[in-house]
Amino acid sequence: MRRSSGFGLLLFVLAVAGIFCSSFPAHGQQTDSTLTVGSKKFTENVILGWMGTHLLRSEELPATHREELGGSRFLWEALRRGDIDAYPEYTGTLLREILADTDATRETLADTLARYGVAMSQPLGFNNTYALGMRADRADSLGIRTIGDLRSHPDLTFGFTNEFMDRGDGWPSLRAAYDLPQSARGIDHDIAYRGLQSGQLDVIDLYSTDAEIERYDLRVLEDTKDHFPSYQAVFLYRRDLQTRAPAAVDALTRLEGQLPADTMQALNARSAIDQVDEAQVAANFVNRTLGLTTTFTPDTRAERLRRYTADHLVLVGVSLALAVLLGLPLGIVAAKRRLLGPGILAVVGIIYTIPALALLALMVPLLGLGRVPAITALTLYSLLPIVWTTYTGLQDLPGPLMESAEALGLSPAATLWRVELPLAARSILAGIKIAVIINIGAGTLGALIGAGGYGQPILTGIRRANLGLILEGTVPAAVLTILLLGVLEGIERALLPRSMQT
Amino acid sequence: MITLDAVSKRYGDAVAVQDLSLSVPAEETTVLIGPSGSGKSTLLRLMIGLTRPDAGTVVVGDTTLTAATAPSLRRRMGYVIQEGGLFPHLTGRGNVALMARHLGWAADRIDDRIADLTDLVQLDPDRLEQYPPELSGGQRQRVSLMRALMLDPDVLLLDEPLGALDPMIRADLQDDLRAIFRRLGKTVVFVTHDIGEAGFFGDRVVLLRGGQVEQRGTMATLVNEPASPFVADFIQAQRAPLQHLHEDRS
């Protein structure tokens, strides 16, 4: 085989691999008749999500659970798009956040939801309101009992979840309501608890049913001005479920009124403190309280690893193949067209500066949840190294060689294919390798929008403060990086003539 | 064979070729000499269309060189530059066969042609399986010449092809090249700044200065009947070191 066609073969293999990989359904990918329950990425919501899933399955309905999705907005958009059929939500979040632009009140909430094609169960029992919390010993020593008491301690350090920092009922309005002098920084909820423990943070936001309140002996500061609305837990579901699968609505509504606050806090503690799998905690509860006979066998570590690896490989493989198919022509155009070149380089550069989470957030309303938005985002990120290395590889070719090609009478297209791309191959392959590294790393964020992969155990591990689970995601990601780079190195050795190898 | 009519070429403010007319006769070797910047390389590049004239026309055979005719005309011309311009990702054979493969020649025909050329340029056939960085300077120039001759062009343009070689190899290759030119009877344009080399190759010598023709004729004419003090000085400058040795010996 001639060397000049080697590079084409590489492209072909990548493209076929991409198409091949994408034909496998992702873990949790729904088929038409499968019902999908979603949940947010905190313990209580994951447990509720599993309860809903178990209840649907007990009615012989095929159901999957997309757990630990990135935020209320993601779930709301996904529900409206039909990517998920139901998820646990809180009335306060609906009124103050999701429907903040409407005139909805607690009384008209169900009617307002109906306008969006969404229905709501009766409250499940507990009110999980937002609250501010401190370590009890610290609060006692400073004489702090209410949120208003914070006003006379301007030196205290506040760390709030990013969602709380932005929400309509979150920090800005709370600060105004109580006229508080402090400023606050955004931090992950589970990490905030650890900051509170170590004394680096004095005040954090928390959910009133958090298991950690009891465990860490925290003081929940009184909301004397009733700033925080009531956060009654409910199940939201698509209204078309009532006709599509009425049994599903019956199943979900069985949870109504079954979960008083102390019960929910105890369930949260089982998972967050005792490290019992949320699916197991949920199964035990529905069996005990609702008389189900759900059996739940958690996956073994090997099974989990296989699933995460398969999902991650699809994310990385497909996005890489797409990025090569798109990025290579873009890089060629950038190198060949003086007018377009700077624009193309700038655009792929700007795309790369968009934070991954923001890019994913932009994708969800357009593309929903799962692999498609995750792969789209990863593809966009991978364009930068591939376009830029293709561009520089072609720009840096020695002038005399290009003139030789012209003097021989080769057409521009033949020069590109037989001379320029092979000569730039090392540079282009370097870009592809960088894209692999970027993709494997950024791919872990795919779990936030239900694409699975190595991000899943990392999310769960951060949530449960479980280093073992975090390593379950990070170590295979590192191993995968080394393996894939090795494969690319091998391809490079096989394809490049010896005169172009180091 | 190649006719330049009132050709001018500037690079910014610098004049490379100025209102120059020149006719290169077929089946002879014409040598372009002159100091650096006299326009001899530019003239060669104008002949193969790598540079477009600002004014004037270039006619090859009976075809005027334009953007549209350049690709097909180039296939009737071979071009060799100082460092050979061989593609490092292709073996010697790959370089030589590149255009023929692109034009869809049958493998047998390519192999036969390469075998003939290997004989002609006296290259060890094993060298053809090596990549350019693995070859010596002289071997690279022999491969370059094979590549230029592959499509059996009417015209061969060489831009200081021996300039980067050490003197011994250069002398060998000079002999071989002249023999090849005589045997093939092609139209050859050879650029050098070395008057010894010019006299060795050239049926006709064209001395350039500032983008214009200073004098043309045989080497003997230039030496014995210089048209200007510049011609005499240019020739004298390169003869002086050797004359000095002759005087020592006498």
# chains A, B, ... in the order shown; residues from 1 in each chain; ligands from 1

call {"tool": "closest_atom_pairs", "arguments": {"of": "chain A", "to": "chain B", "cutoff": "12 Å", "atoms": "only C-alpha atoms", "output": "tab-separated table"}}
result
residue	atom	partner	partner_atom	distance
A:Arg2	CA	B:Gly94	CA	9.0
A:Arg3	CA	B:Leu90	CA	7.8
A:Ser4	CA	B:Leu90	CA	8.4
A:Ser5	CA	B:Leu90	CA	11.9
A:Gly6	CA	B:His89	CA	11.7
A:Leu397	CA	B:Phe87	CA	10.8
A:Pro398	CA	B:Gly85	CA	9.4
A:Gly399	CA	B:Gly85	CA	9.4
A:Pro400	CA	B:Gly85	CA	6.0
A:Leu401	CA	B:Gly85	CA	5.2
A:Met402	CA	B:Gly85	CA	8.5
A:Glu403	CA	B:Leu50	CA	7.3
A:Ser404	CA	B:Gly85	CA	5.7
A:Ala405	CA	B:Gly85	CA	8.6
A:Glu406	CA	B:Leu50	CA	7.4
A:Ala407	CA	B:Arg74	CA	6.1
A:Leu408	CA	B:Arg74	CA	6.2
A:Gly409	CA	B:Pro71	CA	4.8
A:Leu410	CA	B:Met99	CA	7.1
A:Ser411	CA	B:Pro71	CA	7.3
A:Pro412	CA	B:Pro71	CA	10.2
A:Ala413	CA	B:His102	CA	11.2
A:Ala414	CA	B:His102	CA	7.8
A:Thr415	CA	B:His102	CA	10.2
A:Trp417	CA	B:His102	CA	10.9
A:Arg418	CA	B:Leu98	CA	8.4
A:Val419	CA	B:Phe87	CA	7.4
A:Glu420	CA	B:Phe87	CA	9.7
A:Leu421	CA	B:His89	CA	10.4
A:Pro422	CA	B:His89	CA	7.0
A:Leu423	CA	B:His89	CA	6.5
A:Ala424	CA	B:His89	CA	10.1
A:Ala425	CA	B:His89	CA	10.0
A:Arg426	CA	B:His89	CA	11.0
A:Leu495	CA	B:His89	CA	10.8
A:Leu496	CA	B:His89	CA	7.8
A:Pro497	CA	B:His89	CA	6.1
A:Arg498	CA	B:Tyr131	CA	8.2
A:Ser499	CA	B:Tyr131	CA	6.2
A:Met500	CA	B:His89	CA	6.4
A:Gln501	CA	B:His89	CA	9.9

call {"tool": "write_last_selection", "arguments": {"atoms": "C-alpha atoms", "output": "PDB file, in the first residue's frame"}}
result
ATOM      1  CA  ARG A   2       1.237   3.440  -0.805  1.00  0.00           C
ATOM      2  CA  ARG A   3       2.066   5.733   2.044  1.00  0.00           C
ATOM      3  CA  SER A   4       0.181   8.640   0.633  1.00  0.00           C
ATOM      4  CA  SER A   5      -3.088   6.831   1.103  1.00  0.00           C
ATOM      5  CA  GLY A   6      -2.236   5.898   4.695  1.00  0.00           C
ATOM      6  CA  LEU A 397       5.784  23.330   4.926  1.00  0.00           C
ATOM      7  CA  PRO A 398       9.073  24.372   3.270  1.00  0.00           C
ATOM      8  CA  GLY A 399       8.550  26.708   0.310  1.00  0.00           C
ATOM      9  CA  PRO A 400      10.940  24.899  -2.044  1.00  0.00           C
ATOM     10  CA  LEU A 401       8.996  21.653  -1.612  1.00  0.00           C
ATOM     11  CA  MET A 402       5.740  23.374  -2.468  1.00  0.00           C
ATOM     12  CA  GLU A 403       7.358  24.879  -5.569  1.00  0.00           C
ATOM     13  CA  SER A 404       8.688  21.481  -6.550  1.00  0.00           C
ATOM     14  CA  ALA A 405       5.150  20.140  -6.436  1.00  0.00           C
ATOM     15  CA  GLU A 406       3.922  23.043  -8.540  1.00  0.00           C
ATOM     16  CA  ALA A 407       6.796  22.723 -11.020  1.00  0.00           C
ATOM     17  CA  LEU A 408       6.011  19.026 -11.469  1.00  0.00           C
ATOM     18  CA  GLY A 409       2.571  20.024 -12.701  1.00  0.00           C
ATOM     19  CA  LEU A 410       0.579  18.567  -9.783  1.00  0.00           C
ATOM     20  CA  SER A 411      -2.843  20.185  -9.395  1.00  0.00           C
ATOM     21  CA  PRO A 412      -3.572  21.952  -6.077  1.00  0.00           C
ATOM     22  CA  ALA A 413      -5.835  19.085  -5.001  1.00  0.00           C
ATOM     23  CA  ALA A 414      -3.205  16.453  -5.860  1.00  0.00           C
ATOM     24  CA  THR A 415      -0.539  18.519  -4.096  1.00  0.00           C
ATOM     25  CA  TRP A 417      -3.408  14.931  -0.995  1.00  0.00           C
ATOM     26  CA  ARG A 418      -0.052  13.530  -2.169  1.00  0.00           C
ATOM     27  CA  VAL A 419       2.358  16.035  -0.670  1.00  0.00           C
ATOM     28  CA  GLU A 420       1.010  18.541   1.826  1.00  0.00           C
ATOM     29  CA  LEU A 421      -1.176  16.369   4.076  1.00  0.00           C
ATOM     30  CA  PRO A 422       1.426  13.575   4.319  1.00  0.00           C
ATOM     31  CA  LEU A 423       4.107  16.112   5.180  1.00  0.00           C
ATOM     32  CA  ALA A 424       1.855  17.743   7.800  1.00  0.00           C
ATOM     33  CA  ALA A 425       0.740  14.361   9.172  1.00  0.00           C
ATOM     34  CA  ARG A 426       2.945  14.455  12.258  1.00  0.00           C
ATOM     35  CA  LEU A 495       1.482   4.931   8.636  1.00  0.00           C
ATOM     36  CA  LEU A 496       4.347   7.399   8.612  1.00  0.00           C
ATOM     37  CA  PRO A 497       7.409   6.553   6.514  1.00  0.00           C
ATOM     38  CA  ARG A 498      10.569   6.052   8.528  1.00  0.00           C
ATOM     39  CA  SER A 499      11.981   9.298   7.207  1.00  0.00           C
ATOM     40  CA  MET A 500       9.294  11.185   9.091  1.00  0.00           C
ATOM     41  CA  GLN A 501       9.563   9.387  12.425  1.00  0.00           C
TER      42      GLN A 501
END

call {"tool": "select_by_dssp", "arguments": {"residues": "segment 48-200 of chain B", "states": "strand (DSSP E or B)", "output": "list of chain:residue names"}}
result
B:Ala55, B:Gly56, B:Thr57, B:Val58, B:Val59, B:Val60, B:Thr63, B:Thr64, B:Met77, B:Gly78, B:Tyr79, B:Val80, B:Val155, B:Leu156, B:Leu157, B:Leu158, B:Asp159, B:Thr187, B:Val188, B:Val189, B:Phe190, B:Val191

call {"tool": "write_last_selection", "arguments": {"atoms": "C-alpha atoms", "output": "short mmCIF file (atom, residue, chain, number, x, y, z; two decimals), in the first residue's frame"}}
result
data_model
loop_
_atom_site.label_atom_id
_atom_site.label_comp_id
_atom_site.auth_asym_id
_atom_site.auth_seq_id
_atom_site.Cartn_x
_atom_site.Cartn_y
_atom_site.Cartn_z
CA ALA B 55 4.73 42.66 -18.35
CA GLY B 56 5.68 40.74 -21.49
CA THR B 57 5.02 37.17 -22.55
CA VAL B 58 6.68 33.79 -22.22
CA VAL B 59 6.10 31.30 -25.03
CA VAL B 60 7.09 27.63 -24.71
CA THR B 63 2.07 27.90 -26.45
CA THR B 64 1.93 31.12 -24.47
CA MET B 77 9.43 20.66 -18.61
CA GLY B 78 11.68 19.20 -15.92
CA TYR B 79 12.87 21.41 -13.07
CA VAL B 80 15.78 20.74 -10.72
CA VAL B 155 12.87 21.11 -21.74
CA LEU B 156 15.06 20.73 -18.66
CA LEU B 157 15.49 23.72 -16.32
CA LEU B 158 18.23 23.48 -13.70
CA ASP B 159 18.75 26.15 -11.02
CA THR B 187 16.56 21.93 -24.58
CA VAL B 188 18.44 22.71 -21.38
CA VAL B 189 18.56 25.95 -19.43
CA PHE B 190 21.22 25.84 -16.73
CA VAL B 191 21.66 28.54 -14.09
#

call {"tool": "residues_around", "arguments": {"residues": "segment 77-92 of chain A", "least_positions_apart": "5", "cutoff": "9 Å", "atoms": "only C-alpha atoms", "output": "PyMOL selection string"}}
result
chain A and resi 30+35-40+45-46+48-49+52+65-66+72+97+106+109+116-118+123+127-129+169+228-238+241+252+364-365+367-370

call {"tool": "write_last_selection", "arguments": {"atoms": "N, CA and C atoms", "output": "tab-separated table (two decimals), in the first residue's frame"}}
result
chain	number	residue	atom	x	y	z
A	30	GLN	N	-33.14	5.65	26.21
A	30	GLN	CA	-34.48	5.09	26.19
A	30	GLN	C	-34.89	4.65	24.79
A	35	LEU	N	-39.86	4.08	30.04
A	35	LEU	CA	-40.06	5.33	30.77
A	35	LEU	C	-38.75	5.72	31.43
A	36	THR	N	-38.48	7.00	31.46
A	36	THR	CA	-37.22	7.45	32.03
A	36	THR	C	-37.49	8.42	33.17
A	37	VAL	N	-36.90	8.10	34.32
A	37	VAL	CA	-36.99	8.97	35.48
A	37	VAL	C	-35.67	9.72	35.58
A	38	GLY	N	-35.72	11.00	35.88
A	38	GLY	CA	-34.49	11.76	36.07
A	38	GLY	C	-34.32	12.12	37.53
A	39	SER	N	-33.09	12.51	37.88
A	39	SER	CA	-32.89	13.05	39.22
A	39	SER	C	-31.72	14.01	39.21
A	40	LYS	N	-31.74	14.95	40.17
A	40	LYS	CA	-30.67	15.93	40.28
A	40	LYS	C	-29.47	15.30	40.98
A	45	ASN	N	-32.47	13.63	46.01
A	45	ASN	CA	-33.16	13.56	44.73
A	45	ASN	C	-32.87	12.24	44.03
A	46	VAL	N	-31.64	11.74	44.19
A	46	VAL	CA	-31.30	10.45	43.57
A	46	VAL	C	-32.14	9.34	44.21
A	48	LEU	N	-35.10	9.66	45.66
A	48	LEU	CA	-36.48	9.81	45.18
A	48	LEU	C	-36.61	9.29	43.75
A	49	GLY	N	-35.58	9.60	42.94
A	49	GLY	CA	-35.60	9.11	41.56
A	49	GLY	C	-35.65	7.60	41.51
A	52	GLY	N	-39.13	6.31	42.43
A	52	GLY	CA	-40.02	6.38	41.27
A	52	GLY	C	-39.73	5.26	40.29
A	65	HIS	N	-33.39	4.96	34.97
A	65	HIS	CA	-33.17	6.11	35.83
A	65	HIS	C	-31.93	6.85	35.36
A	66	ARG	N	-32.12	8.09	34.94
A	66	ARG	CA	-30.97	8.93	34.60
A	66	ARG	C	-30.65	9.75	35.82
A	72	SER	N	-31.46	21.87	38.08
A	72	SER	CA	-32.92	21.91	37.91
A	72	SER	C	-33.30	22.24	36.48
A	97	GLU	N	-37.86	29.73	40.84
A	97	GLU	CA	-36.77	29.56	39.89
A	97	GLU	C	-37.30	29.26	38.49
A	106	ARG	N	-48.57	29.23	44.66
A	106	ARG	CA	-48.72	27.85	45.14
A	106	ARG	C	-50.09	27.31	44.72
A	109	LEU	N	-50.19	26.69	40.84
A	109	LEU	CA	-49.00	26.03	40.31
A	109	LEU	C	-49.35	24.92	39.32
A	116	TYR	N	-47.32	24.05	30.34
A	116	TYR	CA	-46.05	23.54	29.79
A	116	TYR	C	-46.10	22.04	29.49
A	117	GLY	N	-47.30	21.47	29.62
A	117	GLY	CA	-47.43	20.03	29.36
A	117	GLY	C	-46.90	19.17	30.49
A	118	VAL	N	-46.88	19.75	31.70
A	118	VAL	CA	-46.31	19.04	32.84
A	118	VAL	C	-47.37	18.92	33.92
A	123	PRO	N	-47.91	16.66	47.32
A	123	PRO	CA	-46.63	16.63	48.05
A	123	PRO	C	-46.33	15.24	48.61
A	127	ASN	N	-40.93	18.96	53.70
A	127	ASN	CA	-40.60	20.27	53.15
A	127	ASN	C	-39.09	20.43	53.25
A	128	ASN	N	-38.42	20.35	52.11
A	128	ASN	CA	-36.96	20.46	52.13
A	128	ASN	C	-36.57	21.87	51.72
A	129	THR	N	-36.72	22.77	52.69
A	129	THR	CA	-36.45	24.15	52.32
A	129	THR	C	-34.95	24.43	52.35
A	169	ASP	N	-34.47	32.80	44.61
A	169	ASP	CA	-34.66	32.87	46.06
A	169	ASP	C	-33.33	32.67	46.80
A	228	PHE	N	-37.30	32.11	52.74
A	228	PHE	CA	-37.32	30.90	51.90
A	228	PHE	C	-38.74	30.38	51.79
A	229	PRO	N	-39.18	30.11	50.57
A	229	PRO	CA	-40.53	29.58	50.42
A	229	PRO	C	-40.55	28.12	50.86
A	230	SER	N	-41.73	27.58	50.84
A	230	SER	CA	-41.87	26.17	51.17
A	230	SER	C	-41.36	25.32	50.00
A	231	TYR	N	-40.58	24.32	50.31
A	231	TYR	CA	-40.06	23.43	49.28
A	231	TYR	C	-40.65	22.04	49.46
A	232	GLN	N	-41.94	21.94	49.13
A	232	GLN	CA	-42.60	20.64	49.21
A	232	GLN	C	-42.11	19.75	48.08
A	233	ALA	N	-41.66	18.55	48.44
A	233	ALA	CA	-41.21	17.63	47.40
A	233	ALA	C	-42.42	17.07	46.65
A	234	VAL	N	-42.35	17.05	45.32
A	234	VAL	CA	-43.42	16.47	44.49
A	234	VAL	C	-42.75	15.70	43.36
A	235	PHE	N	-43.51	14.91	42.67
A	235	PHE	CA	-43.03	14.34	41.42
A	235	PHE	C	-43.63	15.12	40.26
A	236	LEU	N	-42.80	15.59	39.36
A	236	LEU	CA	-43.29	16.17	38.12
A	236	LEU	C	-43.29	15.07	37.06
A	237	TYR	N	-44.30	15.08	36.21
A	237	TYR	CA	-44.30	14.13	35.09
A	237	TYR	C	-44.99	14.77	33.90
A	238	ARG	N	-44.69	14.22	32.74
A	238	ARG	CA	-45.30	14.76	31.53
A	238	ARG	C	-46.80	14.45	31.53
A	241	LEU	N	-48.31	11.38	29.98
A	241	LEU	CA	-48.18	10.08	30.66
A	241	LEU	C	-49.56	9.56	31.07
A	252	LEU	N	-46.39	6.49	40.51
A	252	LEU	CA	-45.64	7.60	41.10
A	252	LEU	C	-46.42	8.25	42.24
A	364	VAL	N	-28.42	21.53	26.29
A	364	VAL	CA	-29.59	20.78	26.76
A	364	VAL	C	-30.90	21.29	26.15
A	365	PRO	N	-31.17	22.60	26.14
A	365	PRO	CA	-32.43	23.04	25.54
A	365	PRO	C	-32.52	22.69	24.05
A	367	LEU	N	-30.62	20.12	22.38
A	367	LEU	CA	-30.41	18.72	22.02
A	367	LEU	C	-30.85	17.74	23.10
A	368	GLY	N	-31.33	18.25	24.23
A	368	GLY	CA	-31.81	17.36	25.26
A	368	GLY	C	-30.68	16.76	26.07
A	369	LEU	N	-30.97	15.59	26.64
A	369	LEU	CA	-30.00	14.94	27.51
A	369	LEU	C	-29.31	13.80	26.78
A	370	GLY	N	-28.22	13.31	27.38
A	370	GLY	CA	-27.61	12.08	26.91
A	370	GLY	C	-26.42	12.32	26.01

call {"tool": "atom_distance", "arguments": {"atom1": "atom CA of Leu469 of chain A", "atom2": "atom CA of Glu214 of chain A"}}
result
23.9 Å

call {"tool": "residues_around", "arguments": {"residues": "Thr474 of chain A", "least_positions_apart": "4", "cutoff": "8 Å", "atoms": "only C-alpha atoms", "output": "list in words"}}
result
Tyr454, Ile458, Ile470 and Ala478 of chain A

call {"tool": "write_last_selection", "arguments": {"atoms": "N, CA and C atoms", "output": "compact mmCIF listing (two decimals), in the first residue's frame"}}
result
# COMPACT_ATOMS: atom_id res chain seq x y z
N TYR A 454 -17.07 7.83 32.74
CA TYR A 454 -16.30 7.85 33.99
C TYR A 454 -16.69 9.00 34.91
N ILE A 458 -17.41 9.59 39.55
CA ILE A 458 -16.78 10.78 40.13
C ILE A 458 -17.85 11.65 40.79
N ILE A 470 -14.49 8.07 43.56
CA ILE A 470 -13.84 9.08 42.71
C ILE A 470 -12.73 8.41 41.90
N ALA A 478 -7.47 7.79 33.35
CA ALA A 478 -6.03 7.94 33.12
C ALA A 478 -5.50 6.76 32.30

call {"tool": "closest_residue", "arguments": {"among": "B:Arg101, B:Arg109, B:Lys9, B:Lys186", "to": "Gln212 of chain B", "atoms": "only C-alpha atoms"}}
result
B:Lys9

call {"tool": "atom_distance", "arguments": {"atom1": "atom CA of Met1 of chain B", "atom2": "atom CA of Ser23 of chain B"}}
result
7.3 Å

call {"tool": "residues_around", "arguments": {"residues": "Leu313 of chain A", "least_positions_apart": "3", "cutoff": "8 Å", "atoms": "only C-alpha atoms", "output": "list of chain:residue names"}}
result
A:Cys21, A:Thr309, A:Ala310, A:Val316, A:Gly317, A:Gly453

call {"tool": "write_last_selection", "arguments": {"atoms": "N, CA and C atoms", "output": "short mmCIF file (atom, residue, chain, number, x, y, z; two decimals), in the first residue's frame"}}
result
data_model
loop_
_atom_site.label_atom_id
_atom_site.label_comp_id
_atom_site.auth_asym_id
_atom_site.auth_seq_id
_atom_site.Cartn_x
_atom_site.Cartn_y
_atom_site.Cartn_z
N CYS A 21 -19.54 2.87 16.97
CA CYS A 21 -19.76 3.10 18.40
C CYS A 21 -21.13 3.71 18.65
N THR A 309 -16.86 2.35 30.99
CA THR A 309 -15.86 2.35 29.92
C THR A 309 -16.53 2.37 28.56
N ALA A 310 -17.59 1.54 28.42
CA ALA A 310 -18.29 1.51 27.13
C ALA A 310 -18.86 2.89 26.81
N VAL A 316 -15.87 9.52 23.62
CA VAL A 316 -14.57 9.96 23.11
C VAL A 316 -14.42 9.57 21.64
N GLY A 317 -14.79 8.33 21.32
CA GLY A 317 -14.57 7.84 19.96
C GLY A 317 -15.38 8.61 18.93
N GLY A 453 -20.50 7.35 31.53
CA GLY A 453 -19.05 7.44 31.44
C GLY A 453 -18.39 7.57 32.81
#

call {"tool": "closest_residue", "arguments": {"among": "B:Met47, B:Ala67, B:Ile235, B:Ala100", "to": "Asp194 of chain B", "atoms": "only C-alpha atoms"}}
result
B:Ile235

call {"tool": "closest_residue", "arguments": {"among": "B:Gly211, B:Ala237, B:Gln141, B:Ala97", "to": "Asp112 of chain B", "atoms": "only C-alpha atoms"}}
result
B:Ala97

call {"tool": "residues_around", "arguments": {"residues": "Val121 of chain B", "least_positions_apart": "2", "cutoff": "12 Å", "atoms": "only C-alpha atoms", "output": "count of residues only"}}
result
34

call {"tool": "residues_around", "arguments": {"residues": "Val220 of chain A", "least_positions_apart": "4", "cutoff": "8 Å", "atoms": "only C-alpha atoms", "output": "PyMOL selection string"}}
result
chain A and resi 131-134+208+213

call {"tool": "atom_distance", "arguments": {"atom1": "atom CA of Glu489 of chain A", "atom2": "atom CA of Ala430 of chain A"}}
result
9.7 Å

call {"tool": "select_by_dssp", "arguments": {"residues": "segment 37-234 of chain B", "states": "alpha helix (DSSP H)", "output": "PyMOL selection string"}}
result
chain B and resi 40-48+70-74+92-102+107-121+137-149+167-184+195-201+219-224+229-234

call {"tool": "write_last_selection", "arguments": {"atoms": "C-alpha atoms", "output": "tab-separated table (two decimals), in the first residue's frame"}}
result
chain	number	residue	atom	x	y	z
B	40	LYS	CA	18.89	34.47	-13.46
B	41	SER	CA	16.77	32.37	-11.07
B	42	THR	CA	13.78	34.62	-11.65
B	43	LEU	CA	14.21	34.12	-15.39
B	44	LEU	CA	14.13	30.36	-14.91
B	45	ARG	CA	11.03	30.61	-12.69
B	46	LEU	CA	9.34	32.76	-15.33
B	47	MET	CA	10.02	30.06	-17.92
B	48	ILE	CA	8.14	27.40	-15.90
B	70	ALA	CA	0.96	26.28	-17.04
B	71	PRO	CA	-0.02	22.86	-15.61
B	72	SER	CA	0.14	21.07	-18.97
B	73	LEU	CA	3.27	22.96	-20.09
B	74	ARG	CA	5.04	21.99	-16.86
B	92	GLY	CA	13.49	7.97	-4.22
B	93	ARG	CA	11.24	5.77	-6.33
B	94	GLY	CA	8.14	7.45	-4.91
B	95	ASN	CA	9.51	10.85	-5.82
B	96	VAL	CA	10.45	9.81	-9.35
B	97	ALA	CA	7.14	8.04	-9.99
B	98	LEU	CA	4.89	10.66	-8.36
B	99	MET	CA	3.68	12.43	-11.48
B	100	ALA	CA	3.44	9.26	-13.58
B	101	ARG	CA	1.26	7.66	-10.90
B	102	HIS	CA	-0.84	10.78	-10.70
B	107	ALA	CA	2.96	0.00	-13.11
B	108	ASP	CA	5.02	-1.81	-15.78
B	109	ARG	CA	5.52	1.34	-17.77
B	110	ILE	CA	6.63	3.21	-14.63
B	111	ASP	CA	9.07	0.45	-13.68
B	112	ASP	CA	10.57	0.30	-17.17
B	113	ARG	CA	11.00	4.06	-17.35
B	114	ILE	CA	12.62	4.17	-13.90
B	115	ALA	CA	15.00	1.36	-14.86
B	116	ASP	CA	16.09	3.31	-17.97
B	117	LEU	CA	16.57	6.50	-15.98
B	118	THR	CA	18.53	4.70	-13.27
B	119	ASP	CA	20.97	3.59	-15.97
B	120	LEU	CA	21.08	7.04	-17.50
B	121	VAL	CA	21.95	8.89	-14.28
B	137	GLY	CA	23.83	15.20	-1.76
B	138	GLY	CA	25.01	13.80	-5.07
B	139	GLN	CA	22.59	10.86	-4.92
B	140	ARG	CA	19.75	13.25	-4.16
B	141	GLN	CA	20.58	15.34	-7.25
B	142	ARG	CA	20.68	12.22	-9.42
B	143	VAL	CA	17.21	11.27	-8.10
B	144	SER	CA	16.03	14.84	-8.72
B	145	LEU	CA	17.21	14.62	-12.30
B	146	MET	CA	15.37	11.30	-12.72
B	147	ARG	CA	12.20	12.92	-11.38
B	148	ALA	CA	12.62	15.83	-13.79
B	149	LEU	CA	13.15	13.44	-16.73
B	167	PRO	CA	33.97	19.92	-5.25
B	168	MET	CA	34.85	16.26	-5.94
B	169	ILE	CA	31.27	15.10	-6.22
B	170	ARG	CA	30.48	18.23	-8.16
B	171	ALA	CA	33.14	17.44	-10.78
B	172	ASP	CA	31.81	13.86	-11.18
B	173	LEU	CA	28.29	15.07	-11.59
B	174	GLN	CA	29.31	17.79	-14.04
B	175	ASP	CA	30.80	15.15	-16.33
B	176	ASP	CA	27.76	12.89	-16.01
B	177	LEU	CA	25.31	15.74	-16.54
B	178	ARG	CA	27.02	16.96	-19.68
B	179	ALA	CA	27.06	13.45	-21.08
B	180	ILE	CA	23.35	13.10	-20.32
B	181	PHE	CA	22.50	16.44	-21.93
B	182	ARG	CA	24.40	15.50	-25.08
B	183	ARG	CA	22.86	12.06	-25.25
B	184	LEU	CA	19.28	13.24	-24.75
B	195	ILE	CA	31.93	30.75	-15.12
B	196	GLY	CA	33.97	27.53	-15.21
B	197	GLU	CA	30.77	25.51	-14.98
B	198	ALA	CA	29.12	27.82	-17.51
B	199	GLY	CA	31.89	27.24	-20.04
B	200	PHE	CA	31.82	23.51	-19.38
B	201	PHE	CA	28.10	23.14	-20.11
B	219	MET	CA	32.10	31.37	-23.48
B	220	ALA	CA	35.04	32.14	-25.73
B	221	THR	CA	33.31	35.28	-27.02
B	222	LEU	CA	32.65	36.47	-23.48
B	223	VAL	CA	36.26	35.91	-22.44
B	224	ASN	CA	37.94	37.26	-25.53
B	229	PRO	CA	34.01	46.38	-18.53
B	230	PHE	CA	31.42	44.62	-16.31
B	231	VAL	CA	31.71	41.41	-18.36
B	232	ALA	CA	35.48	41.55	-18.19
B	233	ASP	CA	35.41	42.19	-14.44
B	234	PHE	CA	32.88	39.41	-13.80

call {"tool": "closest_residue", "arguments": {"among": "B:Thr3, B:Thr218, B:Thr30, B:Gln238", "to": "His193 of chain B", "atoms": "only C-alpha atoms"}}
result
B:Gln238
